[in-house]
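**Q** This one is coords.cif, mmCIF, C-alpha atoms.
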data_protein
#
loop_
_atom_site.group_PDB
_atom_site.id
_atom_site.type_symbol
_atom_site.label_atom_id
_atom_site.label_comp_id
_atom_site.auth_asym_id
_atom_site.auth_seq_id
_atom_site.Cartn_x
_atom_site.Cartn_y
_atom_site.Cartn_z
ATOM 1 C CA PHE T 242 -34.779 -8.373 4.545
ATOM 2 C CA GLN T 243 -35.713 -6.744 1.247
ATOM 3 C CA TYR T 244 -35.069 -3.189 2.441
ATOM 4 C CA ALA T 245 -31.681 -3.758 4.100
ATOM 5 C CA SER T 246 -28.914 -1.457 2.888
ATOM 6 C CA MET T 247 -26.444 -4.277 2.394
ATOM 7 C CA GLY T 248 -26.501 -7.396 0.280
ATOM 8 C CA ILE T 249 -27.930 -10.455 2.024
ATOM 9 C CA ILE T 250 -27.998 -13.941 0.567
ATOM 10 C CA VAL T 251 -29.250 -17.210 2.054
ATOM 11 C CA ALA T 252 -27.985 -20.611 0.881
ATOM 12 C CA ASN T 253 -28.727 -24.154 1.986
ATOM 13 C CA ASP T 254 -26.067 -26.631 3.120
ATOM 14 C CA LYS T 255 -25.620 -27.791 -0.509
ATOM 15 C CA GLY T 256 -24.564 -24.271 -1.482
ATOM 16 C CA GLU T 257 -27.760 -23.544 -3.396
ATOM 17 C CA ILE T 258 -29.089 -19.996 -3.260
ATOM 18 C CA ILE T 259 -32.481 -19.827 -1.543
ATOM 19 C CA LEU T 260 -32.985 -16.072 -1.104
ATOM 20 C CA ALA T 261 -31.262 -12.840 -2.071
ATOM 21 C CA ASN T 262 -32.396 -9.371 -1.112
ATOM 22 C CA ASN T 263 -32.900 -6.495 -3.563
ATOM 23 C CA PHE T 264 -29.673 -4.758 -2.532
ATOM 24 C CA LEU T 265 -27.629 -7.878 -3.327
ATOM 25 C CA LEU T 266 -29.422 -8.318 -6.645
ATOM 26 C CA SER T 267 -28.528 -4.761 -7.631
ATOM 27 C CA GLN T 268 -24.908 -5.191 -6.421
ATOM 28 C CA PHE T 269 -24.507 -8.215 -8.658
ATOM 29 C CA GLY T 270 -26.538 -6.845 -11.590
ATOM 30 C CA TYR T 271 -29.510 -9.226 -11.395
ATOM 31 C CA GLU T 272 -33.097 -8.201 -12.068
ATOM 32 C CA ASN T 273 -34.952 -10.630 -9.792
ATOM 33 C CA GLN T 274 -34.479 -13.529 -7.385
ATOM 34 C CA GLU T 275 -35.523 -16.133 -9.936
ATOM 35 C CA GLU T 276 -32.252 -15.533 -11.806
ATOM 36 C CA LEU T 277 -30.305 -16.756 -8.763
ATOM 37 C CA ALA T 278 -32.700 -19.120 -6.994
ATOM 38 C CA GLY T 279 -31.437 -22.696 -7.044
ATOM 39 C CA LYS T 280 -28.014 -21.791 -8.469
ATOM 40 C CA LYS T 281 -24.877 -22.680 -6.560
ATOM 41 C CA ILE T 282 -23.354 -19.846 -4.549
ATOM 42 C CA GLU T 283 -20.242 -20.252 -6.717
ATOM 43 C CA ALA T 284 -22.180 -18.471 -9.501
ATOM 44 C CA LEU T 285 -21.334 -15.261 -7.616
ATOM 45 C CA ILE T 286 -17.623 -16.057 -7.294
ATOM 46 C CA PRO T 287 -14.877 -15.836 -9.951
ATOM 47 C CA GLN T 288 -14.122 -19.238 -11.521
ATOM 48 C CA ARG T 289 -10.542 -19.399 -10.167
ATOM 49 C CA TYR T 290 -11.907 -19.599 -6.598
ATOM 50 C CA HIS T 291 -14.550 -22.308 -7.163
ATOM 51 C CA PRO T 292 -12.564 -25.394 -6.028
ATOM 52 C CA LYS T 293 -11.335 -23.794 -2.796
ATOM 53 C CA HIS T 294 -14.714 -22.229 -2.084
ATOM 54 C CA VAL T 295 -16.443 -25.612 -2.287
ATOM 55 C CA GLN T 296 -13.908 -26.939 0.270
ATOM 56 C CA HIS T 297 -14.435 -23.911 2.538
ATOM 57 C CA ARG T 298 -18.213 -24.240 2.235
ATOM 58 C CA THR T 299 -18.079 -27.931 3.174
ATOM 59 C CA LYS T 300 -15.848 -27.146 6.155
ATOM 60 C CA TYR T 301 -18.158 -24.306 7.255
ATOM 61 C CA ASN T 302 -21.239 -26.560 7.052
ATOM 62 C CA LYS T 303 -19.543 -29.068 9.389
ATOM 63 C CA LYS T 304 -18.974 -26.386 12.020
ATOM 64 C CA PRO T 305 -21.040 -23.283 11.202
ATOM 65 C CA GLU T 306 -20.381 -20.136 13.227
ATOM 66 C CA ARG T 307 -20.831 -16.385 12.964
ATOM 67 C CA ARG T 308 -17.662 -14.903 11.531
ATOM 68 C CA PRO T 309 -16.182 -12.707 8.854
ATOM 69 C CA MET T 310 -15.185 -14.591 5.734
ATOM 70 C CA GLY T 311 -11.636 -14.663 4.354
ATOM 71 C CA ILE T 312 -9.885 -12.843 7.194
ATOM 72 C CA GLY T 313 -6.671 -11.286 5.894
ATOM 73 C CA LYS T 314 -7.523 -12.075 2.276
ATOM 74 C CA ASP T 315 -8.935 -10.045 -0.577
ATOM 75 C CA LEU T 316 -12.334 -11.410 -1.571
ATOM 76 C CA PHE T 317 -13.854 -10.928 -4.994
ATOM 77 C CA ALA T 318 -17.376 -11.391 -6.288
ATOM 78 C CA LEU T 319 -18.627 -11.845 -9.832
ATOM 79 C CA ARG T 320 -21.403 -9.741 -11.330
ATOM 80 C CA LYS T 321 -23.867 -11.100 -13.858
ATOM 81 C CA ASP T 322 -21.957 -9.293 -16.633
ATOM 82 C CA GLY T 323 -18.717 -11.073 -15.636
ATOM 83 C CA THR T 324 -16.990 -8.120 -13.969
ATOM 84 C CA GLU T 325 -15.310 -8.648 -10.618
ATOM 85 C CA PHE T 326 -15.463 -6.403 -7.580
ATOM 86 C CA SER T 327 -13.997 -6.447 -4.073
ATOM 87 C CA VAL T 328 -16.279 -7.559 -1.275
ATOM 88 C CA GLU T 329 -16.354 -8.054 2.443
ATOM 89 C CA ILE T 330 -18.538 -10.901 3.686
ATOM 90 C CA SER T 331 -19.834 -11.846 7.120
ATOM 91 C CA LEU T 332 -21.287 -15.299 7.605
ATOM 92 C CA SER T 333 -23.926 -16.573 9.973
ATOM 93 C CA ASN T 334 -26.148 -19.621 10.090
ATOM 94 C CA TYR T 335 -29.518 -20.863 11.245
ATOM 95 C CA THR T 336 -31.393 -24.140 11.341
ATOM 96 C CA THR T 337 -35.067 -24.826 10.668
ATOM 97 C CA GLY T 338 -37.094 -27.966 10.148
ATOM 98 C CA GLU T 339 -36.148 -27.687 6.457
ATOM 99 C CA GLY T 340 -32.415 -27.896 7.170
ATOM 100 C CA ASN T 341 -29.285 -25.851 7.825
ATOM 101 C CA PHE T 342 -28.815 -22.523 6.115
ATOM 102 C CA ALA T 343 -25.958 -20.077 5.785
ATOM 103 C CA ILE T 344 -26.628 -16.379 5.541
ATOM 104 C CA ALA T 345 -24.028 -14.026 4.100
ATOM 105 C CA PHE T 346 -23.939 -10.259 4.452
ATOM 106 C CA VAL T 347 -22.102 -8.835 1.449
ATOM 107 C CA SER T 348 -20.595 -5.336 1.229
ATOM 108 C CA ASP T 349 -19.048 -3.892 -1.921
ATOM 109 C CA ILE T 350 -15.696 -2.432 -0.786
ATOM 110 C CA THR T 351 -14.422 -1.365 -4.200
ATOM 111 C CA LYS T 352 -14.155 2.316 -3.194
ATOM 112 C CA ARG T 353 -12.323 1.439 0.031
ATOM 113 C CA LYS T 354 -9.875 -0.757 -1.902
ATOM 114 C CA GLU T 355 -9.279 2.050 -4.392
ATOM 115 C CA ILE T 356 -8.514 4.432 -1.520
ATOM 116 C CA GLU T 357 -6.255 1.851 0.170
ATOM 117 C CA ASN T 358 -4.381 1.305 -3.098
ATOM 118 C CA ALA T 359 -4.027 5.070 -3.580
ATOM 119 C CA VAL T 360 -2.628 5.394 -0.051
ATOM 120 C CA ILE T 361 -0.180 2.547 -0.700
ATOM 121 C CA GLN T 362 0.871 4.160 -3.971
ATOM 122 C CA GLN T 363 1.370 7.512 -2.210
ATOM 123 C CA LYS T 364 3.462 5.816 0.481
ATOM 124 C CA GLU T 365 5.627 4.243 -2.214
ATOM 125 C CA GLN T 366 5.996 7.600 -3.949
ATOM 126 C CA LEU T 367 6.926 9.256 -0.651
ATOM 127 C CA ALA T 368 9.475 6.517 0.027
ATOM 128 C CA ASP T 369 10.993 7.150 -3.426
ATOM 129 C CA ILE T 370 11.068 10.891 -2.788
ATOM 130 C CA ASN T 371 12.656 10.350 0.637
ATOM 131 C CA LEU T 372 15.279 8.116 -0.943
ATOM 132 C CA LYS T 373 16.062 10.778 -3.551
ATOM 133 C CA ILE T 374 16.257 13.446 -0.838
ATOM 134 C CA GLU T 375 18.653 11.273 1.161
ATOM 135 C CA GLU T 376 20.799 10.731 -1.937
ATOM 136 C CA LEU T 377 20.828 14.468 -2.671
ATOM 137 C CA ASN T 378 21.635 15.187 0.976
ATOM 138 C CA ASN T 379 24.528 12.696 0.896
ATOM 139 C CA ASP T 380 25.822 14.259 -2.349
ATOM 140 C CA LEU T 381 25.551 17.708 -0.811
ATOM 141 C CA GLU T 382 27.370 16.587 2.341
ATOM 142 C CA GLN T 383 30.171 15.118 0.207
ATOM 143 C CA LYS T 384 30.432 18.350 -1.792
ATOM 144 C CA VAL T 385 30.515 20.419 1.414
ATOM 145 C CA GLU T 386 33.203 18.121 2.823
ATOM 146 C CA LEU T 387 35.231 18.403 -0.396
ATOM 147 C CA ARG T 388 34.862 22.202 -0.466
ATOM 148 C CA THR T 389 35.840 22.399 3.195
ATOM 149 C CA GLU T 390 38.985 20.378 2.503
ATOM 150 C CA GLN T 391 39.784 22.611 -0.490
ATOM 151 C CA LEU T 392 39.270 25.736 1.611
ATOM 152 C CA GLN T 393 41.494 24.355 4.375
ATOM 153 C CA GLU T 394 44.222 23.597 1.822
ATOM 154 C CA THR T 395 43.865 27.079 0.340
ATOM 155 C CA LEU T 396 43.962 28.603 3.823
ATOM 156 C CA LEU T 397 47.098 26.610 4.622
ATOM 157 C CA GLN T 398 48.692 27.762 1.352
ATOM 158 C CA LEU T 399 47.766 31.358 2.173
ATOM 159 C CA GLN T 400 49.218 30.942 5.656
ATOM 160 C CA ASN T 401 52.458 29.562 4.155
ATOM 161 C CA SER T 402 52.539 32.393 1.597
ATOM 162 C CA LYS T 403 52.029 34.936 4.367
ATOM 163 C CA GLU T 404 54.908 33.469 6.347
ATOM 164 C CA GLU T 405 57.123 33.490 3.251
ATOM 165 C CA LEU T 406 56.125 37.060 2.488
ATOM 166 C CA THR T 407 56.781 38.070 6.080
ATOM 167 C CA LYS T 408 60.252 36.471 5.890
ATOM 168 C CA ALA T 409 60.902 38.099 2.525
ATOM 169 C CA LEU T 410 59.742 41.456 3.873
ATOM 170 C CA SER T 411 61.934 41.026 6.895
ATOM 171 C CA LYS T 412 64.944 40.227 4.695
ATOM 172 C CA GLU T 413 64.080 43.169 2.469
ATOM 173 C CA LYS T 414 64.066 45.453 5.517
ATOM 174 C CA GLU T 415 67.397 44.064 6.651
ATOM 175 C CA LEU T 416 68.859 44.666 3.215
ATOM 176 C CA SER T 417 67.388 48.125 3.143
ATOM 177 C CA ASP T 418 68.861 48.842 6.610
ATOM 178 C CA LEU T 419 72.252 47.469 5.541
ATOM 179 C CA LYS T 420 72.122 49.541 2.423
ATOM 180 C CA SER T 421 71.192 52.647 4.369
ATOM 181 C CA ARG T 422 74.001 52.062 6.830
ATOM 182 C CA PHE T 423 76.430 51.392 4.069
ATOM 183 C CA VAL T 424 75.465 54.616 2.337
#
So that I can check it, write out the structure of this file as structure tokens.

**A**
Amino acid sequence: FQYASMGIIVANDKGEIILANNFLLSQFGYENQEELAGKKIEALIPQRYHPKHVQHRTKYNKKPERRPMGIGKDLFALRKDGTEFSVEISLSNYTTGEGNFAIAFVSDITKRKEIENAVIQQKEQLADINLKIEELNNDLEQKVELRTEQLQETLLQLQNSKEELTKALSKEKELSDLKSRFV
């Protein structure tokens, strides 16, 4: 119990802390078990979650089972110095002649949350970059379309000019032939 590499805490069915291992004490910034012994488990939870946690604890005590806590939710714990950190908690229970007890296995997942947030931020940045690329691509396609239309118009004008020049040249030849014959 004391040498486990994850935080372990035991509480009775009233939510009072009975035991906490050394790893949990160091996670939460406590020096020894006496600082936590007899306190409500809510001492390790941010104040804004106290009312709901008491309800969840009461519900759990009515039907205790092994399970992860707060599935699909971000869980936060409160250190002795008042700072919060992200946690993952698995619950279990046992019964002795002294009563029913809940045991919680607590893992600090702050680093994992930081990485997840960085990945989310990178995804958002990539989405922004993709959007900008699409906009630039659309602008480029419009410019290419416009230039193509302009080139087609210019080509048509050149074709018309060529035809006019050919007609003018033909008339010039006829005039030159008439002139030569006349002379």

**Q** At a cut-off of 10 Å around the point (-28.1, -10.9, -1.8) (file coordinates), what residues fall inside when counting all atoms listed in the file? I'd like the answer as a ChimeraX atom specification.

**A** /T:242-243,245,247-251,258-269,271,274,277,285,344-348

**Q** Using all atoms listed in the file, which of T:Asn378, T:Ser327, T:Asn401, T:Glu306 sits nearest Thr351 (chain T)?

**A**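 Result for the nearest residue to Thr351 (chain T): T:Ser327.
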
**Q** Please measure the separation of CA of Tyr290 (chain T) and CA of Thr337 (chain T), giving the value in Å to one decimal.

**A**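 Spanning CA of Tyr290 (chain T) to CA of Thr337 (chain T) is a straight-line distance of 29.4 Å.
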
**Q** CA of Ile282 (chain T) and CA of Glu257 (chain T) are how many Å apart?

**A** 5.9 Å

**Q** Enumerate, as a VMD selection string, the protein, DNA and RNA residues whose atoms approach (-22.8, -12.9, 12.0) to within 6 Å, taking into account all atoms listed in the file and the coordinate frame of the file.

**A** chain T and resid 307 to 308 331 to 333

**Q** Between CA of His291 (chain T) and CA of Lys354 (chain T), measure the distance and give it in Å to one decimal.

**A** 22.7 Å

**Q** Counting all atoms listed in the file, figure out which residue out of T:His297, T:Lys321, T:Lys314, T:Lys304 gets nearest to Glu272 (chain T).

**A**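 Smallest separation from Glu272 (chain T) among the options: T:Lys321.
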
**Q** Under the rule that only C-alpha atoms are counted, which of T:Glu394, T:Asp315, T:Ala368, T:Asp254 is the nearest residue to Val295 (chain T)?

**A**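 Residue with the minimum atom-to-atom distance to Val295 (chain T): T:Asp254.
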
**Q** Out of T:Lys408, T:Lys420, T:His294, T:Lys414, which residue has the shortest atom-to-atom distance to Leu316 (chain T) when counting all atoms listed in the file?

**A** T:His294

**Q** Go through T:Val328, T:Ala284, T:Leu416, T:Ala409 and flag the residue nearest Asp349 (chain T), using only C-alpha atoms for the distances.

**A**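 Looking only at the distances to Asp349 (chain T), the closest residue turns out to be T:Val328.
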
**Q** The centre and edge lengths of an axis-aligned box containing all atoms of region 281-297 of chain T present in the file, extended by 3 Å on each side, are to be given in Å to one decimal, as JSON.

**A**
{"center_x": -17.7, "center_y": -21.1, "center_z": -4.5, "size_x": 20.3, "size_y": 17.7, "size_z": 20.1}
